[in-house]
Amino acid sequence: NETIYNIFVENKGNKVEAPANYSWMYTMDTLGSYYKNSQYDFLNLEGKSLKRFDIYSLIKTFSDEALEGYPEVLIHDATENQWYLFSDTAIQSIYQLLDTASKNGFFKIISNTVA
């Protein structure tokens, strides 16, 4: 967990404005929309969130020319309500750590489904 947290902190790019369109929903028909790939809550021993990062990726349903100027990956520091540039390399590092943890029995997915 500490390594994943450090990947966020060390790879946080410049501050940016919040995108005009971002959601858990995949909105393919709006230019410059971002999809929330994942959410990472770093908790204290009592289970209270100390820091939360959300990863958003640009939805690429438009041409490269139309998407020019839109960063491919953003992170939202939900604790501070601030957006930052992020890199695909950093995301791949996090996914690789999670994959290794899963293969070694150190991974637990917690989800809440509301009907």
# chains A, B, ... in the order shown; residues from 1 in each chain; ligands from 1
$ closest_atom_pairs --of "region 31-56 of chain A" --to "region 4-10 of chain A" --cutoff "12 Å" --atoms "only C-alpha atoms" --output "tab-separated table"
residue	atom	partner	partner_atom	distance
A:Gln39	CA	A:Phe8	CA	11.8
A:Tyr40	CA	A:Tyr5	CA	8.7
A:Asp41	CA	A:Tyr5	CA	9.4
A:Phe42	CA	A:Tyr5	CA	7.7
A:Leu43	CA	A:Tyr5	CA	11.1
A:Leu50	CA	A:Tyr5	CA	11.2
A:Lys51	CA	A:Tyr5	CA	9.0
A:Arg52	CA	A:Tyr5	CA	9.5
A:Phe53	CA	A:Phe8	CA	7.8
A:Asp54	CA	A:Phe8	CA	10.0
A:Ile55	CA	A:Phe8	CA	9.8
$ residues_around --residues "Tyr70 (chain A)" --least-positions-apart "5" --cutoff "10 Å" --atoms "only C-alpha atoms" --output "list of chain:residue names"
A:Pro19, A:Leu31, A:Gly32, A:Ser33, A:Tyr34, A:Leu58, A:Asp64
$ write_last_selection --atoms "N, CA and C atoms" --output "PDB file, in the first residue's frame"
ATOM      1  N   PRO A  19     -11.675  18.283 -15.641  1.00  0.00           N
ATOM      2  CA  PRO A  19     -12.230  18.174 -16.996  1.00  0.00           C
ATOM      3  C   PRO A  19     -13.711  18.558 -16.992  1.00  0.00           C
ATOM      4  N   LEU A  31     -16.954  14.818 -26.618  1.00  0.00           N
ATOM      5  CA  LEU A  31     -15.531  15.068 -26.829  1.00  0.00           C
ATOM      6  C   LEU A  31     -14.871  15.485 -25.517  1.00  0.00           C
ATOM      7  N   GLY A  32     -13.731  14.853 -25.202  1.00  0.00           N
ATOM      8  CA  GLY A  32     -12.972  15.211 -24.010  1.00  0.00           C
ATOM      9  C   GLY A  32     -13.493  14.623 -22.721  1.00  0.00           C
ATOM     10  N   SER A  33     -14.296  13.569 -22.807  1.00  0.00           N
ATOM     11  CA  SER A  33     -14.817  12.923 -21.607  1.00  0.00           C
ATOM     12  C   SER A  33     -13.777  11.991 -21.003  1.00  0.00           C
ATOM     13  N   TYR A  34     -13.841  11.876 -19.675  1.00  0.00           N
ATOM     14  CA  TYR A  34     -12.934  11.003 -18.937  1.00  0.00           C
ATOM     15  C   TYR A  34     -13.740   9.967 -18.164  1.00  0.00           C
ATOM     16  N   LEU A  58      -8.842   9.349 -20.585  1.00  0.00           N
ATOM     17  CA  LEU A  58      -9.543   9.986 -21.690  1.00  0.00           C
ATOM     18  C   LEU A  58     -10.239   8.919 -22.531  1.00  0.00           C
ATOM     19  N   ASP A  64      -7.678  11.387 -33.275  1.00  0.00           N
ATOM     20  CA  ASP A  64      -6.529  11.935 -32.559  1.00  0.00           C
ATOM     21  C   ASP A  64      -6.475  13.454 -32.701  1.00  0.00           C
TER      22      ASP A  64
END
$ select_by_dssp --residues "chain A" --states "helix (DSSP H, G or I)" --output "PyMOL selection string"
chain A and resi 2-11+64-67+88-103
$ write_last_selection --atoms "C-alpha atoms" --output "PDB file, in the first residue's frame"
ATOM      1  CA  GLU A   2       2.813   2.370   0.823  1.00  0.00           C
ATOM      2  CA  THR A   3       4.449   1.732  -2.544  1.00  0.00           C
ATOM      3  CA  ILE A   4       1.187   2.414  -4.392  1.00  0.00           C
ATOM      4  CA  TYR A   5       0.695   5.614  -2.392  1.00  0.00           C
ATOM      5  CA  ASN A   6       4.250   6.691  -3.254  1.00  0.00           C
ATOM      6  CA  ILE A   7       3.604   6.061  -6.959  1.00  0.00           C
ATOM      7  CA  PHE A   8       0.719   8.533  -6.788  1.00  0.00           C
ATOM      8  CA  VAL A   9       2.695  11.149  -4.883  1.00  0.00           C
ATOM      9  CA  GLU A  10       5.914  10.827  -6.891  1.00  0.00           C
ATOM     10  CA  ASN A  11       4.206  10.759 -10.316  1.00  0.00           C
ATOM     11  CA  ASP A  64      -6.529  11.935 -32.559  1.00  0.00           C
ATOM     12  CA  GLU A  65      -6.829  15.380 -34.094  1.00  0.00           C
ATOM     13  CA  ALA A  66     -10.057  16.127 -32.216  1.00  0.00           C
ATOM     14  CA  LEU A  67      -8.521  14.884 -28.928  1.00  0.00           C
ATOM     15  CA  ASP A  88       0.243   5.716 -18.176  1.00  0.00           C
ATOM     16  CA  THR A  89       3.595   4.366 -16.954  1.00  0.00           C
ATOM     17  CA  ALA A  90       2.625   5.143 -13.352  1.00  0.00           C
ATOM     18  CA  ILE A  91      -0.728   3.408 -13.823  1.00  0.00           C
ATOM     19  CA  GLN A  92       1.005   0.336 -15.235  1.00  0.00           C
ATOM     20  CA  SER A  93       3.317   0.283 -12.194  1.00  0.00           C
ATOM     21  CA  ILE A  94       0.301   0.273  -9.877  1.00  0.00           C
ATOM     22  CA  TYR A  95      -1.425  -2.477 -11.874  1.00  0.00           C
ATOM     23  CA  GLN A  96       1.757  -4.563 -11.836  1.00  0.00           C
ATOM     24  CA  LEU A  97       1.983  -4.267  -8.042  1.00  0.00           C
ATOM     25  CA  LEU A  98      -1.682  -5.241  -7.686  1.00  0.00           C
ATOM     26  CA  ASP A  99      -1.217  -8.211 -10.019  1.00  0.00           C
ATOM     27  CA  THR A 100       1.789  -9.432  -8.010  1.00  0.00           C
ATOM     28  CA  ALA A 101      -0.120  -8.985  -4.739  1.00  0.00           C
ATOM     29  CA  SER A 102      -3.072 -10.916  -6.149  1.00  0.00           C
ATOM     30  CA  LYS A 103      -0.883 -13.797  -7.305  1.00  0.00           C
TER      31      LYS A 103
END
$ residues_around --residues "Asn37 (chain A)" --least-positions-apart "2" --cutoff "7 Å" --atoms "only C-alpha atoms" --output "number ranges by chain"
A: 35, 55-57
$ closest_residue --among "A:Asn1, A:Lys36, A:Thr27, A:Thr61" --to "Leu74 (chain A)" --atoms "only C-alpha atoms"
A:Lys36
$ select_by_dssp --residues "region 7-43 of chain A" --states "strand (DSSP E or B)" --output "ChimeraX atom specification"
/A:15-16,21-23,33-43
$ write_last_selection --atoms "all heavy atoms" --output "CSV table (one decimal), in the first residue's frame"
chain,number,residue,atom,x,y,z
A,15,LYS,N,-0.7,20.6,-11.7
A,15,LYS,CA,-2.1,20.8,-11.4
A,15,LYS,C,-2.8,21.2,-12.7
A,15,LYS,O,-2.3,21.9,-13.5
A,15,LYS,CB,-2.3,21.9,-10.4
A,15,LYS,CG,-1.9,21.5,-9.0
A,15,LYS,CD,-2.2,22.7,-8.0
A,15,LYS,CE,-1.8,22.3,-6.6
A,15,LYS,NZ,-2.1,23.4,-5.6
A,16,VAL,N,-4.0,20.7,-12.9
A,16,VAL,CA,-4.9,21.1,-14.0
A,16,VAL,C,-6.3,21.4,-13.5
A,16,VAL,O,-6.7,21.0,-12.4
A,16,VAL,CB,-4.9,20.0,-15.1
A,16,VAL,CG1,-3.5,19.8,-15.7
A,16,VAL,CG2,-5.4,18.7,-14.5
A,21,ASN,N,-16.1,17.0,-18.5
A,21,ASN,CA,-16.9,15.8,-18.5
A,21,ASN,C,-16.1,14.7,-17.9
A,21,ASN,O,-15.1,14.2,-18.5
A,21,ASN,CB,-17.4,15.4,-19.9
A,21,ASN,CG,-18.3,16.5,-20.5
A,21,ASN,OD1,-19.3,16.8,-20.0
A,21,ASN,ND2,-17.7,17.2,-21.5
A,22,TYR,N,-16.5,14.1,-16.8
A,22,TYR,CA,-15.9,13.0,-16.2
A,22,TYR,C,-16.9,12.2,-15.4
A,22,TYR,O,-17.8,12.8,-14.8
A,22,TYR,CB,-14.7,13.4,-15.3
A,22,TYR,CG,-15.0,14.3,-14.2
A,22,TYR,CD1,-15.3,13.8,-12.9
A,22,TYR,CD2,-15.0,15.7,-14.3
A,22,TYR,CE1,-15.6,14.7,-11.8
A,22,TYR,CE2,-15.3,16.5,-13.3
A,22,TYR,CZ,-15.5,16.0,-12.0
A,22,TYR,OH,-15.8,16.9,-11.0
A,23,SER,N,-16.8,10.9,-15.3
A,23,SER,CA,-17.8,10.0,-14.7
A,23,SER,C,-17.3,8.6,-14.6
A,23,SER,O,-16.4,8.2,-15.2
A,23,SER,CB,-19.1,10.1,-15.6
A,23,SER,OG,-20.1,9.2,-15.1
A,33,SER,N,-14.3,13.6,-22.8
A,33,SER,CA,-14.8,12.9,-21.6
A,33,SER,C,-13.8,12.0,-21.0
A,33,SER,O,-13.0,11.4,-21.7
A,33,SER,CB,-16.1,12.1,-21.9
A,33,SER,OG,-17.1,12.9,-22.2
A,34,TYR,N,-13.8,11.9,-19.7
A,34,TYR,CA,-12.9,11.0,-18.9
A,34,TYR,C,-13.7,10.0,-18.2
A,34,TYR,O,-14.8,10.3,-17.6
A,34,TYR,CB,-12.1,11.8,-18.0
A,34,TYR,CG,-11.0,12.6,-18.6
A,34,TYR,CD1,-11.3,13.8,-19.2
A,34,TYR,CD2,-9.7,12.1,-18.8
A,34,TYR,CE1,-10.3,14.6,-19.9
A,34,TYR,CE2,-8.7,12.8,-19.4
A,34,TYR,CZ,-9.0,14.1,-20.0
A,34,TYR,OH,-8.1,14.8,-20.6
A,35,TYR,N,-13.2,8.8,-18.1
A,35,TYR,CA,-13.8,7.6,-17.5
A,35,TYR,C,-13.0,7.3,-16.2
A,35,TYR,O,-11.8,7.2,-16.2
A,35,TYR,CB,-13.8,6.4,-18.4
A,35,TYR,CG,-14.3,5.1,-17.7
A,35,TYR,CD1,-15.6,5.0,-17.4
A,35,TYR,CD2,-13.4,4.1,-17.4
A,35,TYR,CE1,-16.1,3.8,-16.8
A,35,TYR,CE2,-13.8,3.0,-16.8
A,35,TYR,CZ,-15.2,2.8,-16.5
A,35,TYR,OH,-15.6,1.7,-15.9
A,36,LYS,N,-13.7,7.2,-15.1
A,36,LYS,CA,-13.0,6.8,-13.8
A,36,LYS,C,-12.7,5.4,-13.8
A,36,LYS,O,-13.5,4.5,-13.7
A,36,LYS,CB,-13.9,7.2,-12.6
A,36,LYS,CG,-13.3,7.0,-11.3
A,36,LYS,CD,-14.2,7.4,-10.2
A,36,LYS,CE,-13.6,7.3,-8.8
A,36,LYS,NZ,-14.5,7.8,-7.8
A,37,ASN,N,-11.4,5.1,-14.0
A,37,ASN,CA,-10.9,3.7,-14.0
A,37,ASN,C,-10.9,3.0,-12.6
A,37,ASN,O,-11.3,1.9,-12.5
A,37,ASN,CB,-9.4,3.7,-14.5
A,37,ASN,CG,-9.2,4.1,-15.9
A,37,ASN,OD1,-9.8,5.1,-16.3
A,37,ASN,ND2,-8.4,3.4,-16.6
A,38,SER,N,-10.5,3.8,-11.6
A,38,SER,CA,-10.3,3.2,-10.3
A,38,SER,C,-10.2,4.3,-9.2
A,38,SER,O,-10.0,5.4,-9.5
A,38,SER,CB,-9.1,2.3,-10.2
A,38,SER,OG,-8.0,3.0,-10.7
A,39,GLN,N,-10.5,3.8,-8.0
A,39,GLN,CA,-10.4,4.7,-6.8
A,39,GLN,C,-9.5,4.0,-5.8
A,39,GLN,O,-9.7,2.8,-5.5
A,39,GLN,CB,-11.8,4.9,-6.3
A,39,GLN,CG,-11.9,5.6,-5.0
A,39,GLN,CD,-13.4,5.8,-4.6
A,39,GLN,OE1,-14.2,6.2,-5.4
A,39,GLN,NE2,-13.7,5.6,-3.4
A,40,TYR,N,-8.6,4.7,-5.2
A,40,TYR,CA,-7.7,4.2,-4.2
A,40,TYR,C,-7.9,5.0,-2.9
A,40,TYR,O,-7.6,6.2,-2.9
A,40,TYR,CB,-6.3,4.3,-4.7
A,40,TYR,CG,-6.0,3.4,-5.9
A,40,TYR,CD1,-6.3,3.8,-7.1
A,40,TYR,CD2,-5.6,2.1,-5.7
A,40,TYR,CE1,-6.1,3.0,-8.2
A,40,TYR,CE2,-5.3,1.3,-6.8
A,40,TYR,CZ,-5.6,1.7,-8.1
A,40,TYR,OH,-5.4,0.9,-9.1
A,41,ASP,N,-8.4,4.4,-1.9
A,41,ASP,CA,-8.5,5.0,-0.5
A,41,ASP,C,-7.4,4.4,0.4
A,41,ASP,O,-7.2,3.2,0.5
A,41,ASP,CB,-9.9,4.6,0.1
A,41,ASP,CG,-11.0,5.5,-0.4
A,41,ASP,OD1,-10.9,6.8,-0.1
A,41,ASP,OD2,-11.9,5.0,-0.9
A,42,PHE,N,-6.7,5.3,1.0
A,42,PHE,CA,-5.6,4.9,1.9
A,42,PHE,C,-6.2,5.2,3.3
A,42,PHE,O,-6.5,6.4,3.6
A,42,PHE,CB,-4.3,5.7,1.6
A,42,PHE,CG,-3.8,5.4,0.3
A,42,PHE,CD1,-4.1,6.1,-0.8
A,42,PHE,CD2,-3.0,4.2,0.1
A,42,PHE,CE1,-3.7,5.7,-2.1
A,42,PHE,CE2,-2.5,3.9,-1.1
A,42,PHE,CZ,-2.8,4.6,-2.2
A,43,LEU,N,-6.4,4.2,4.1
A,43,LEU,CA,-7.1,4.2,5.4
A,43,LEU,C,-6.2,4.2,6.6
A,43,LEU,O,-5.1,3.6,6.5
A,43,LEU,CB,-8.1,3.1,5.4
A,43,LEU,CG,-9.0,2.9,4.2
A,43,LEU,CD1,-9.8,1.6,4.4
A,43,LEU,CD2,-9.9,4.1,4.0
$ atom_distance --atom1 "CA of Gly69 (chain A)" --atom2 "CA of Gly13 (chain A)"
15.5 Å
